[in-house]
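Enquirer: My structure is stored as my_file-v7.txt, with compact mmCIF, C-alpha atoms and all ligand atoms.
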# COMPACT_ATOMS: atom_id res chain seq x y z
CA MET N 1 6.26 -11.63 -0.36
CA LYS N 2 4.06 -9.37 -2.48
CA ALA N 3 5.39 -5.81 -2.83
CA ALA N 4 4.83 -2.85 -5.14
CA VAL N 5 8.16 -1.77 -6.63
CA ILE N 6 9.60 0.59 -9.20
CA ASN N 7 12.43 -0.49 -11.50
CA GLN N 8 13.15 3.03 -12.70
CA TYR N 9 11.98 6.55 -11.91
CA GLY N 10 8.99 7.87 -13.82
CA ASP N 11 5.19 8.12 -13.83
CA SER N 12 2.71 5.87 -12.02
CA SER N 13 3.03 3.16 -14.71
CA GLN N 14 6.46 2.32 -13.19
CA LEU N 15 4.71 0.83 -10.15
CA GLU N 16 4.27 -2.91 -10.29
CA VAL N 17 3.37 -5.61 -7.77
CA VAL N 18 5.96 -8.43 -7.79
CA ASP N 19 7.34 -11.12 -5.47
CA ILE N 20 10.46 -10.17 -3.48
CA ALA N 21 12.27 -11.50 -0.42
CA VAL N 22 10.90 -10.80 3.06
CA PRO N 23 13.27 -8.33 4.79
CA ALA N 24 15.63 -9.70 7.44
CA ILE N 25 15.46 -7.99 10.84
CA LYS N 26 18.34 -6.61 12.92
CA VAL N 27 18.57 -7.05 16.70
CA ASP N 28 16.78 -3.74 17.37
CA GLU N 29 13.99 -4.35 14.83
CA VAL N 30 10.69 -6.18 14.57
CA LEU N 31 9.12 -7.71 11.48
CA VAL N 32 5.60 -6.38 10.89
CA GLU N 33 3.04 -8.19 8.78
CA ASN N 34 1.39 -5.16 7.21
CA MET N 35 -2.39 -4.98 7.05
CA ALA N 36 -2.37 -1.53 5.45
CA THR N 37 -0.20 1.39 4.40
CA SER N 38 -1.01 4.91 3.22
CA ILE N 39 0.14 7.25 0.50
CA ASN N 40 1.97 10.53 1.12
CA PRO N 41 3.06 13.09 -1.50
CA ILE N 42 6.69 12.08 -0.83
CA ASP N 43 5.80 8.73 -2.44
CA TYR N 44 5.12 10.15 -5.89
CA LYS N 45 8.00 12.61 -5.53
CA ALA N 46 10.31 9.65 -4.79
CA ARG N 47 8.80 7.68 -7.69
CA GLN N 48 9.53 10.62 -10.01
CA GLY N 49 13.19 10.56 -8.89
CA LEU N 50 13.07 13.84 -6.99
CA LEU N 51 14.76 12.38 -3.88
CA GLN N 52 17.88 11.11 -5.66
CA HIS N 53 19.97 13.79 -3.95
CA MET N 54 18.96 12.29 -0.57
CA PHE N 55 18.94 8.52 -1.14
CA GLN N 56 21.14 6.20 -3.20
CA TRP N 57 18.56 3.46 -3.73
CA GLN N 58 19.10 0.33 -5.83
CA PHE N 59 16.28 -0.90 -8.06
CA PRO N 60 13.89 -2.54 -7.55
CA VAL N 61 12.83 0.04 -4.93
CA VAL N 62 9.94 -0.51 -2.50
CA LEU N 63 8.33 2.85 -1.70
CA GLY N 64 6.02 3.74 1.19
CA TRP N 65 6.42 5.22 4.68
CA ASP N 66 3.40 4.19 6.80
CA ILE N 67 2.60 0.82 8.27
CA ALA N 68 -0.11 -0.74 10.41
CA GLY N 69 -0.02 -4.43 11.15
CA LYS N 70 0.99 -7.19 13.53
CA ILE N 71 4.44 -8.11 14.80
CA ILE N 72 5.47 -11.59 13.66
CA ALA N 73 9.14 -11.59 14.80
CA VAL N 74 11.26 -9.54 17.22
CA GLY N 75 15.02 -8.91 17.30
CA ASP N 76 17.07 -10.07 20.31
CA ASP N 77 17.40 -6.53 21.74
CA VAL N 78 13.69 -5.67 21.56
CA ASP N 79 12.00 -5.75 24.98
CA ASP N 80 8.95 -3.52 24.73
CA PHE N 81 7.14 -5.22 21.83
CA HIS N 82 6.14 -8.82 21.30
CA VAL N 83 4.94 -11.18 18.60
CA GLY N 84 1.22 -10.59 18.08
CA ASP N 85 1.20 -6.90 19.08
CA ALA N 86 -0.88 -4.68 16.79
CA VAL N 87 1.30 -1.68 15.96
CA PHE N 88 1.72 1.25 13.60
CA ALA N 89 4.78 3.24 12.60
CA ARG N 90 6.57 5.49 10.22
CA PRO N 91 9.68 3.33 9.68
CA ASP N 92 13.11 4.75 8.92
CA THR N 93 14.05 5.08 5.28
CA ASP N 94 16.57 2.36 4.46
CA SER N 95 19.70 3.19 2.55
CA VAL N 96 19.11 0.87 -0.42
CA GLY N 97 15.35 1.29 -0.88
CA LYS N 98 14.19 -2.27 -0.17
CA ASN N 99 12.21 -1.82 3.03
CA GLY N 100 9.28 0.42 2.10
CA SER N 101 5.73 -0.16 3.28
CA TYR N 102 4.10 -1.14 -0.04
CA ALA N 103 4.79 -4.72 0.96
CA GLU N 104 3.37 -7.56 3.00
CA TYR N 105 6.22 -7.31 5.54
CA THR N 106 8.42 -4.44 6.73
CA ALA N 107 11.34 -4.43 9.19
CA VAL N 108 10.89 -1.59 11.70
CA LYS N 109 13.19 -0.30 14.47
CA ALA N 110 11.35 -0.82 17.75
CA ASP N 111 11.80 2.83 18.77
CA LYS N 112 9.63 3.89 15.81
CA LEU N 113 6.63 1.79 16.88
CA ALA N 114 3.52 2.56 18.87
CA ARG N 115 0.64 0.28 19.75
CA LYS N 116 -2.35 0.63 17.47
CA PRO N 117 -5.39 1.98 19.36
CA ASP N 118 -8.04 -0.74 19.72
CA ASN N 119 -10.83 1.54 18.56
CA VAL N 120 -9.52 1.97 15.00
CA SER N 121 -8.96 -0.43 12.12
CA PHE N 122 -5.54 -1.15 10.63
CA GLU N 123 -6.62 0.83 7.55
CA ALA N 124 -7.33 3.91 9.69
CA ALA N 125 -4.15 3.45 11.74
CA ALA N 126 -2.05 3.31 8.57
CA ALA N 127 -3.36 6.76 7.70
CA VAL N 128 -1.71 8.33 10.75
CA PRO N 129 2.07 7.98 11.24
CA LEU N 130 3.80 10.20 8.66
CA ALA N 131 1.10 12.86 8.34
CA GLY N 132 0.07 12.84 12.02
CA LEU N 133 3.65 13.01 13.33
CA THR N 134 4.38 15.88 10.96
CA ALA N 135 1.35 17.82 12.19
CA LEU N 136 2.22 17.23 15.86
CA GLN N 137 5.89 18.12 15.50
CA MET N 138 5.39 21.22 13.34
CA LEU N 139 2.86 22.67 15.81
CA ARG N 140 5.48 22.02 18.49
CA GLN N 141 8.17 23.72 16.40
CA LEU N 142 5.78 26.67 15.95
CA GLN N 143 5.31 26.75 19.75
CA VAL N 144 1.54 27.01 19.39
CA THR N 145 -0.24 27.70 22.67
CA ALA N 146 -3.81 28.38 23.81
CA GLY N 147 -5.36 31.59 22.49
CA GLN N 148 -2.91 32.03 19.63
CA LYS N 149 -4.01 32.63 16.05
CA VAL N 150 -2.65 29.92 13.71
CA LEU N 151 -2.97 29.53 9.95
CA ILE N 152 -2.81 25.93 8.73
CA GLN N 153 -2.56 25.80 4.95
CA ALA N 154 -4.27 22.95 3.01
CA GLY N 155 -6.57 21.94 5.87
CA ALA N 156 -8.32 19.18 3.92
CA GLY N 157 -5.09 17.31 3.07
CA GLY N 158 -3.31 14.49 4.85
CA VAL N 159 -1.27 16.70 7.19
CA GLY N 160 -3.91 19.44 7.44
CA ILE N 161 -6.65 17.22 8.90
CA TYR N 162 -4.44 16.34 11.85
CA ALA N 163 -2.92 19.81 12.23
CA ILE N 164 -6.33 21.48 12.53
CA GLN N 165 -7.50 19.03 15.20
CA LEU N 166 -4.24 19.15 17.17
CA ALA N 167 -4.10 22.97 17.08
CA LYS N 168 -7.68 23.09 18.40
CA LYS N 169 -6.71 20.66 21.18
CA LEU N 170 -3.96 23.13 22.12
CA GLY N 171 -6.64 25.86 22.38
CA ALA N 172 -5.60 27.89 19.32
CA TYR N 173 -7.83 29.90 16.99
CA VAL N 174 -7.38 28.13 13.64
CA ALA N 175 -7.65 29.56 10.16
CA THR N 176 -7.18 27.25 7.19
CA THR N 177 -7.23 27.26 3.39
CA ALA N 178 -9.37 24.91 1.30
CA SER N 179 -11.41 24.75 -1.88
CA LEU N 180 -15.04 25.79 -1.35
CA SER N 181 -16.24 22.18 -1.56
CA ASN N 182 -14.14 21.37 1.54
CA HIS N 183 -15.27 24.29 3.76
CA ASP N 184 -17.88 22.31 5.71
CA PHE N 185 -15.39 19.47 6.08
CA VAL N 186 -12.57 21.55 7.58
CA THR N 187 -15.09 23.38 9.78
CA SER N 188 -16.21 19.97 11.09
CA LEU N 189 -12.57 19.31 12.06
CA GLY N 190 -12.59 22.49 14.16
CA ALA N 191 -11.37 25.28 11.85
CA ASP N 192 -12.65 28.69 13.00
CA ARG N 193 -12.00 30.54 9.75
CA VAL N 194 -11.80 29.05 6.25
CA ILE N 195 -10.31 30.84 3.25
CA ASP N 196 -11.08 29.72 -0.29
CA TYR N 197 -7.57 30.08 -1.72
CA HIS N 198 -8.97 30.14 -5.27
CA GLN N 199 -10.84 33.37 -4.48
CA GLU N 200 -8.85 35.16 -1.79
CA ASN N 201 -5.21 35.77 -0.98
CA ILE N 202 -4.46 35.18 2.70
CA THR N 203 -2.82 38.62 2.96
CA GLU N 204 -6.16 40.24 2.07
CA VAL N 205 -8.05 38.62 4.92
CA LEU N 206 -5.60 37.60 7.67
CA SER N 207 -3.14 39.62 9.75
CA ASP N 208 -1.41 39.59 13.12
CA TYR N 209 -1.03 35.78 13.23
CA ASP N 210 1.14 34.07 15.85
CA ALA N 211 1.96 31.07 13.68
CA VAL N 212 1.75 29.88 10.09
CA PHE N 213 2.09 26.20 9.14
CA ASP N 214 2.81 26.14 5.40
CA MET N 215 2.56 23.04 3.22
CA VAL N 216 1.82 24.67 -0.13
CA GLY N 217 4.88 26.90 -0.61
CA ASP N 218 2.99 30.18 -0.04
CA ILE N 219 6.03 31.58 1.75
CA ASP N 220 6.02 35.36 1.38
CA ASN N 221 2.29 35.66 2.02
CA GLY N 222 2.58 33.42 5.07
CA ILE N 223 5.40 35.52 6.51
CA ALA N 224 3.46 38.71 5.72
CA ILE N 225 0.44 37.79 7.87
CA LEU N 226 2.59 37.11 10.97
CA LYS N 227 2.70 39.59 13.80
CA LEU N 228 6.11 40.67 15.11
CA GLY N 229 7.57 37.74 17.04
CA GLY N 230 5.48 35.25 15.06
CA HIS N 231 6.67 31.83 13.81
CA PHE N 232 6.50 30.45 10.27
CA VAL N 233 7.31 26.84 9.30
CA THR N 234 7.12 25.31 5.83
CA ILE N 235 7.36 21.59 5.08
CA SER N 236 7.13 21.89 1.32
CA ALA N 237 9.55 24.51 0.04
CA MET N 238 13.13 25.74 0.31
CA LEU N 239 13.55 29.15 1.93
CA THR N 240 15.74 31.88 0.52
CA GLU N 241 18.34 33.46 2.79
CA ALA N 242 16.28 36.66 2.77
CA GLN N 243 13.17 34.79 3.95
CA LYS N 244 15.16 33.06 6.73
CA GLN N 245 16.53 36.42 7.87
CA THR N 246 13.08 38.12 8.13
CA ALA N 247 13.34 40.73 10.87
CA ASN N 248 11.47 40.04 14.12
CA LYS N 249 9.88 36.82 12.83
CA THR N 250 11.09 33.20 13.02
CA VAL N 251 11.05 31.63 9.56
CA GLU N 252 12.09 27.97 9.27
CA THR N 253 11.68 24.75 7.35
CA GLY N 254 10.47 21.65 9.18
CA TRP N 255 11.15 17.97 8.70
CA LEU N 256 9.49 15.03 10.40
CA ASP N 257 11.55 13.21 13.06
CA THR N 258 9.99 9.76 13.20
CA ASN N 259 9.70 8.30 16.70
CA GLY N 260 7.43 6.02 18.68
CA GLN N 261 6.95 8.39 21.64
CA ASP N 262 5.25 11.04 19.53
CA LEU N 263 3.24 8.38 17.74
CA ALA N 264 2.03 7.15 21.16
CA ILE N 265 0.78 10.70 21.87
CA LEU N 266 -1.29 10.48 18.69
CA ALA N 267 -2.44 6.96 19.60
CA ASN N 268 -3.73 8.24 22.96
CA ALA N 269 -5.63 11.08 21.26
CA ILE N 270 -7.17 8.59 18.81
CA ALA N 271 -8.06 6.24 21.66
CA ASP N 272 -9.78 8.98 23.68
CA GLY N 273 -11.71 10.20 20.64
CA THR N 274 -10.06 13.64 20.38
CA LEU N 275 -8.24 12.92 17.12
CA ASN N 276 -10.23 11.65 14.15
CA ILE N 277 -8.81 9.92 11.11
CA VAL N 278 -10.23 10.85 7.71
CA ILE N 279 -9.81 8.46 4.79
CA ASP N 280 -10.11 9.75 1.25
CA SER N 281 -10.06 6.36 -0.48
CA VAL N 282 -8.85 2.76 -0.10
CA TYR N 283 -7.09 0.75 -2.82
CA PRO N 284 -5.82 -2.85 -2.83
CA LEU N 285 -2.12 -3.77 -3.06
CA THR N 286 -2.32 -4.63 -6.75
CA THR N 287 -0.53 -3.06 -9.69
CA SER N 288 -3.66 -1.15 -10.75
CA GLY N 289 -4.53 -0.30 -7.14
CA ILE N 290 -1.16 1.27 -6.31
CA ARG N 291 -1.04 3.14 -9.61
CA SER N 292 -4.54 4.57 -9.02
CA ALA N 293 -3.61 5.55 -5.47
CA HIS N 294 -0.58 7.52 -6.74
CA GLU N 295 -2.68 9.19 -9.43
CA ARG N 296 -5.23 10.20 -6.79
CA SER N 297 -2.44 11.70 -4.64
CA GLU N 298 -1.06 13.58 -7.65
CA THR N 299 -4.37 15.44 -8.11
CA HIS N 300 -3.34 17.47 -4.98
CA HIS N 301 -6.96 17.29 -3.88
CA ALA N 302 -7.14 14.26 -1.64
CA HIS N 303 -9.69 14.74 1.15
CA GLY N 304 -7.79 13.20 4.06
CA LYS N 305 -5.62 10.12 3.52
CA ILE N 306 -5.31 7.58 0.71
CA VAL N 307 -4.94 4.03 2.08
CA ILE N 308 -3.64 0.79 0.57
CA GLN N 309 -5.11 -2.36 2.08
CA MET N 310 -3.02 -5.55 2.08
CA LYS N 311 -5.28 -7.70 4.18
CA LYS N 312 -8.74 -7.10 5.57
CA SER N 313 -9.01 -6.38 9.30
CA GLU N 314 -10.39 -9.27 11.36
CA LYS N 315 -13.52 -7.21 12.06
CA GLU N 316 -14.26 -7.08 8.32
CA GLU N 317 -13.45 -10.76 7.84
CA THR N 318 -16.00 -11.91 10.40
N1 LIG E 1 8.91 17.93 5.37
C1 LIG E 1 8.17 16.95 5.87
O1 LIG E 1 8.58 16.30 6.84
C2 LIG E 1 6.83 16.65 5.25
C3 LIG E 1 5.98 15.73 5.89
C4 LIG E 1 4.71 15.53 5.36
C5 LIG E 1 4.31 16.21 4.21
N2 LIG E 1 5.19 17.06 3.59
C6 LIG E 1 4.76 17.81 2.39
O2 LIG E 1 3.65 18.61 2.74
C7 LIG E 1 2.78 18.76 1.63
C8 LIG E 1 1.36 18.41 2.05
O3 LIG E 1 1.27 17.04 2.37
P1 LIG E 1 -0.16 16.35 2.52
O4 LIG E 1 0.06 14.93 2.85
O5 LIG E 1 -1.04 17.16 3.40
O6 LIG E 1 -0.68 16.49 1.00
P2 LIG E 1 -2.07 16.14 0.36
O7 LIG E 1 -2.86 15.25 1.24
O8 LIG E 1 -1.82 15.69 -1.03
O9 LIG E 1 -2.80 17.57 0.29
C9 LIG E 1 -3.95 17.66 -0.46
C10 LIG E 1 -4.68 18.93 -0.06
O10 LIG E 1 -3.95 20.07 -0.50
C11 LIG E 1 -4.90 21.10 -0.69
N3 LIG E 1 -4.32 22.09 -1.59
C12 LIG E 1 -3.79 21.88 -2.83
N4 LIG E 1 -3.30 23.06 -3.30
C13 LIG E 1 -3.52 24.01 -2.35
C14 LIG E 1 -3.25 25.40 -2.24
N5 LIG E 1 -2.64 26.07 -3.21
N6 LIG E 1 -3.61 26.05 -1.10
C15 LIG E 1 -4.24 25.39 -0.11
N7 LIG E 1 -4.54 24.07 -0.15
C16 LIG E 1 -4.18 23.39 -1.25
C17 LIG E 1 -6.11 20.41 -1.26
O11 LIG E 1 -7.23 21.11 -0.77
P3 LIG E 1 -8.55 21.38 -1.65
O12 LIG E 1 -8.89 20.03 -2.29
O13 LIG E 1 -9.50 21.85 -0.62
O14 LIG E 1 -8.17 22.39 -2.69
C18 LIG E 1 -6.04 18.99 -0.68
O15 LIG E 1 -6.97 18.79 0.36
C19 LIG E 1 3.36 17.88 0.53
O16 LIG E 1 4.15 18.68 -0.33
C20 LIG E 1 4.25 16.91 1.28
O17 LIG E 1 5.29 16.38 0.49
C21 LIG E 1 6.43 17.29 4.09
Would you mind writing the file out in structure tokens?
Expert:
Amino acid sequence: MKAAVINQYGDSSQLEVVDIAVPAIKVDEVLVENMATSINPIDYKARQGLLQHMFQWQFPVVLGWDIAGKIIAVGDDVDDFHVGDAVFARPDTDSVGKNGSYAEYTAVKADKLARKPDNVSFEAAAAVPLAGLTALQMLRQLQVTAGQKVLIQAGAGGVGIYAIQLAKKLGAYVATTASLSNHDFVTSLGADRVIDYHQENITEVLSDYDAVFDMVGDIDNGIAILKLGGHFVTISAMLTEAQKQTANKTVETGWLDTNGQDLAILANAIADGTLNIVIDSVYPLTTSGIRSAHERSETHHAHGKIVIQMKKSEKEET
């Protein structure tokens, strides 16, 4: 099968599309023929070798953590999904680095899958799992409820677009940070207050917040704007002991727990039109396409999600 691999850690020029073996499935897995995947910042961090303390991968490594496609084989213990089902998922990370999503086929544990909503394309569905699950689970960890004031950093990014919409669904008042050119965009997603982080420090304009969802490493300022009893979660930085021990405030890191039940919650919201998917750009699964997609992600200014298309959706083919 066609897959984009790296043979050593480094810059985007390490990415190359080659032919490798189709992954074998275990009894609790399905084999998905991928129509699309999407890029997350963890992809270029992994490519640079920054995850070597977490994973002992063997080259060539197939990166990528989002899939949308059709099931073409099911393991003997899989009951809930069948050949032909259109699904999406954030698969588990495999221990040797061969089963990423920059490939025509990926083996996925059935408990990580959800059915793709009919009203969105495979390209749009591929833009959801990792970023959408992170947004949903971090708002849950922050215990956001109706009427609370929540700051969501980086509202125009992959996680931010979902976090703003999900926090509004919960009934929260949402502040977010974005460059000026993205203010109308994040307002259209539901943000009540937008701060241009190039011009203003959040501590100058926000106070008494119930929750702060950090994905830019603005830790001390985020903690400072919380009211007593408030919750802070970061997904992009290590906390010092002093930050973790902040008096009368809960200060934590967060990490996505991939699972199909939470993805089904997102699928329902997409199906009923209350969660919109925003695509920054679409690239083909070619050597130049995957390299350009990584370079776009590394600008830190993607507007929504960057998608890699393996095959065109049927709708586009007809
Ligand atoms: N721990 C986990 O489980 C987990 C899961 C998902 C993501 N993450 C991490 O979370 C971070 C965000 O992920 P993502 O997918 O949302 O990234 P992304 O799509 O690359 O984010 C791009 C956005 O970041 C905004 N931005 C850049 N610098 C900013 C700053 N200083 N203040 C406010 N906004 C800023 C940009 O907004 P403008 O263009 O408007 O400036 C752009 O829209 C990454 O570090 C990622 O690795 C962690």
Enquirer: Where does chain N meet ligand LIG 1 (chain E) within 6 Å, residue by residue, with the nearest atom pair and distance in Å to one decimal for each, counting all atoms listed in the file, listed by chain and rising number, as a Markdown table?
Expert:
| residue | atom | partner | partner_atom | distance |
| --- | --- | --- | --- | --- |
| N:Asn40 | CA | E:LIG1 | O4 | 5.1 |
| N:Pro41 | CA | E:LIG1 | O17 | 4.4 |
| N:Ile42 | CA | E:LIG1 | O17 | 4.7 |
| N:Ala131 | CA | E:LIG1 | C4 | 5.4 |
| N:Thr134 | CA | E:LIG1 | C3 | 5.3 |
| N:Gln153 | CA | E:LIG1 | C15 | 5.3 |
| N:Ala154 | CA | E:LIG1 | N7 | 3.4 |
| N:Ala156 | CA | E:LIG1 | O15 | 3.8 |
| N:Gly157 | CA | E:LIG1 | O7 | 3.5 |
| N:Gly158 | CA | E:LIG1 | O7 | 3.7 |
| N:Val159 | CA | E:LIG1 | O5 | 3.8 |
| N:Gly160 | CA | E:LIG1 | O5 | 5.5 |
| N:Thr177 | CA | E:LIG1 | C15 | 5.0 |
| N:Ala178 | CA | E:LIG1 | O13 | 3.6 |
| N:Ser179 | CA | E:LIG1 | O13 | 3.7 |
| N:Asn182 | CA | E:LIG1 | O13 | 5.1 |
| N:Tyr197 | CA | E:LIG1 | N6 | 5.7 |
| N:Met215 | CA | E:LIG1 | C7 | 4.6 |
| N:Val216 | CA | E:LIG1 | C14 | 5.5 |
| N:Ile235 | CA | E:LIG1 | N1 | 4.0 |
| N:Ser236 | CA | E:LIG1 | O16 | 4.7 |
| N:Gly254 | CA | E:LIG1 | N1 | 5.5 |
| N:Trp255 | CA | E:LIG1 | O1 | 3.6 |
| N:Leu256 | CA | E:LIG1 | O1 | 3.9 |
| N:Ser297 | CA | E:LIG1 | O8 | 5.4 |
| N:His300 | CA | E:LIG1 | C9 | 4.6 |
| N:His301 | CA | E:LIG1 | O12 | 3.7 |
| N:Ala302 | CA | E:LIG1 | C9 | 4.8 |
| N:His303 | CA | E:LIG1 | O15 | 4.9 |
Enquirer: As number ranges by chain, please: the residues near Ala107 in chain N (cut-off 9 Å, all atoms listed in the file, same-chain neighbours under 3 positions excluded).
Expert: N: 22-26, 29-32, 91, 99-100
Enquirer: With C-alpha atoms kept, could you save the residues just selected as a PDB file, in the coordinates of the input?
Expert:
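Generated file (part02.pdb):
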ATOM      1  CA  VAL N  22      10.900 -10.800   3.060  1.00  0.00           C
ATOM      2  CA  PRO N  23      13.270  -8.330   4.790  1.00  0.00           C
ATOM      3  CA  ALA N  24      15.630  -9.700   7.440  1.00  0.00           C
ATOM      4  CA  ILE N  25      15.460  -7.990  10.840  1.00  0.00           C
ATOM      5  CA  LYS N  26      18.340  -6.610  12.920  1.00  0.00           C
ATOM      6  CA  GLU N  29      13.990  -4.350  14.830  1.00  0.00           C
ATOM      7  CA  VAL N  30      10.690  -6.180  14.570  1.00  0.00           C
ATOM      8  CA  LEU N  31       9.120  -7.710  11.480  1.00  0.00           C
ATOM      9  CA  VAL N  32       5.600  -6.380  10.890  1.00  0.00           C
ATOM     10  CA  PRO N  91       9.680   3.330   9.680  1.00  0.00           C
ATOM     11  CA  ASN N  99      12.210  -1.820   3.030  1.00  0.00           C
ATOM     12  CA  GLY N 100       9.280   0.420   2.100  1.00  0.00           C
TER      13      GLY N 100
END
Enquirer: Pick the closest to Asp85 in chain N from N:Asn221, N:Gln56, N:Asn259, N:Asn34: which is it, counting all atoms listed in the file?
Expert: N:Asn34
Enquirer: Taking all atoms listed in the file into account, name the residue in N:Met310, N:Ala211, N:Ile290, N:Val233 that is nearest to Asp43 in chain N.
Expert: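 Of N:Met310, N:Ala211, N:Ile290, N:Val233, the one nearest Asp43 in chain N is N:Ile290, counting all atoms listed in the file.
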Enquirer: Could you check which residues have any atom within 9 Å of (11.3, 3.5, -2.1), counting all atoms listed in the file with coordinates taken straight from the file, and then list them as a list of chain:residue names?
Expert: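 The residues near that point, listed by chain and number, are N:Val5, N:Ile6, N:Asp43, N:Ala46, N:Arg47, N:Trp57, N:Phe59, N:Pro60, N:Val61, N:Val62, N:Leu63, N:Gly64, N:Trp65, N:Thr93, N:Asp94, N:Val96, N:Gly97, N:Lys98, N:Asn99, N:Gly100, N:Ser101, N:Tyr102.
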Enquirer: Using all atoms listed in the file, which of the listed residues (N:Thr246, N:Tyr209, N:Val78, N:Ala167) sits closest to Gly190 in chain N?
Expert: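 Result for the nearest residue to Gly190 in chain N: N:Ala167.
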Enquirer: Quick one, how far is CA of Gly273 in chain N from CA of Gly132 in chain N?
Expert: 14.8 Å
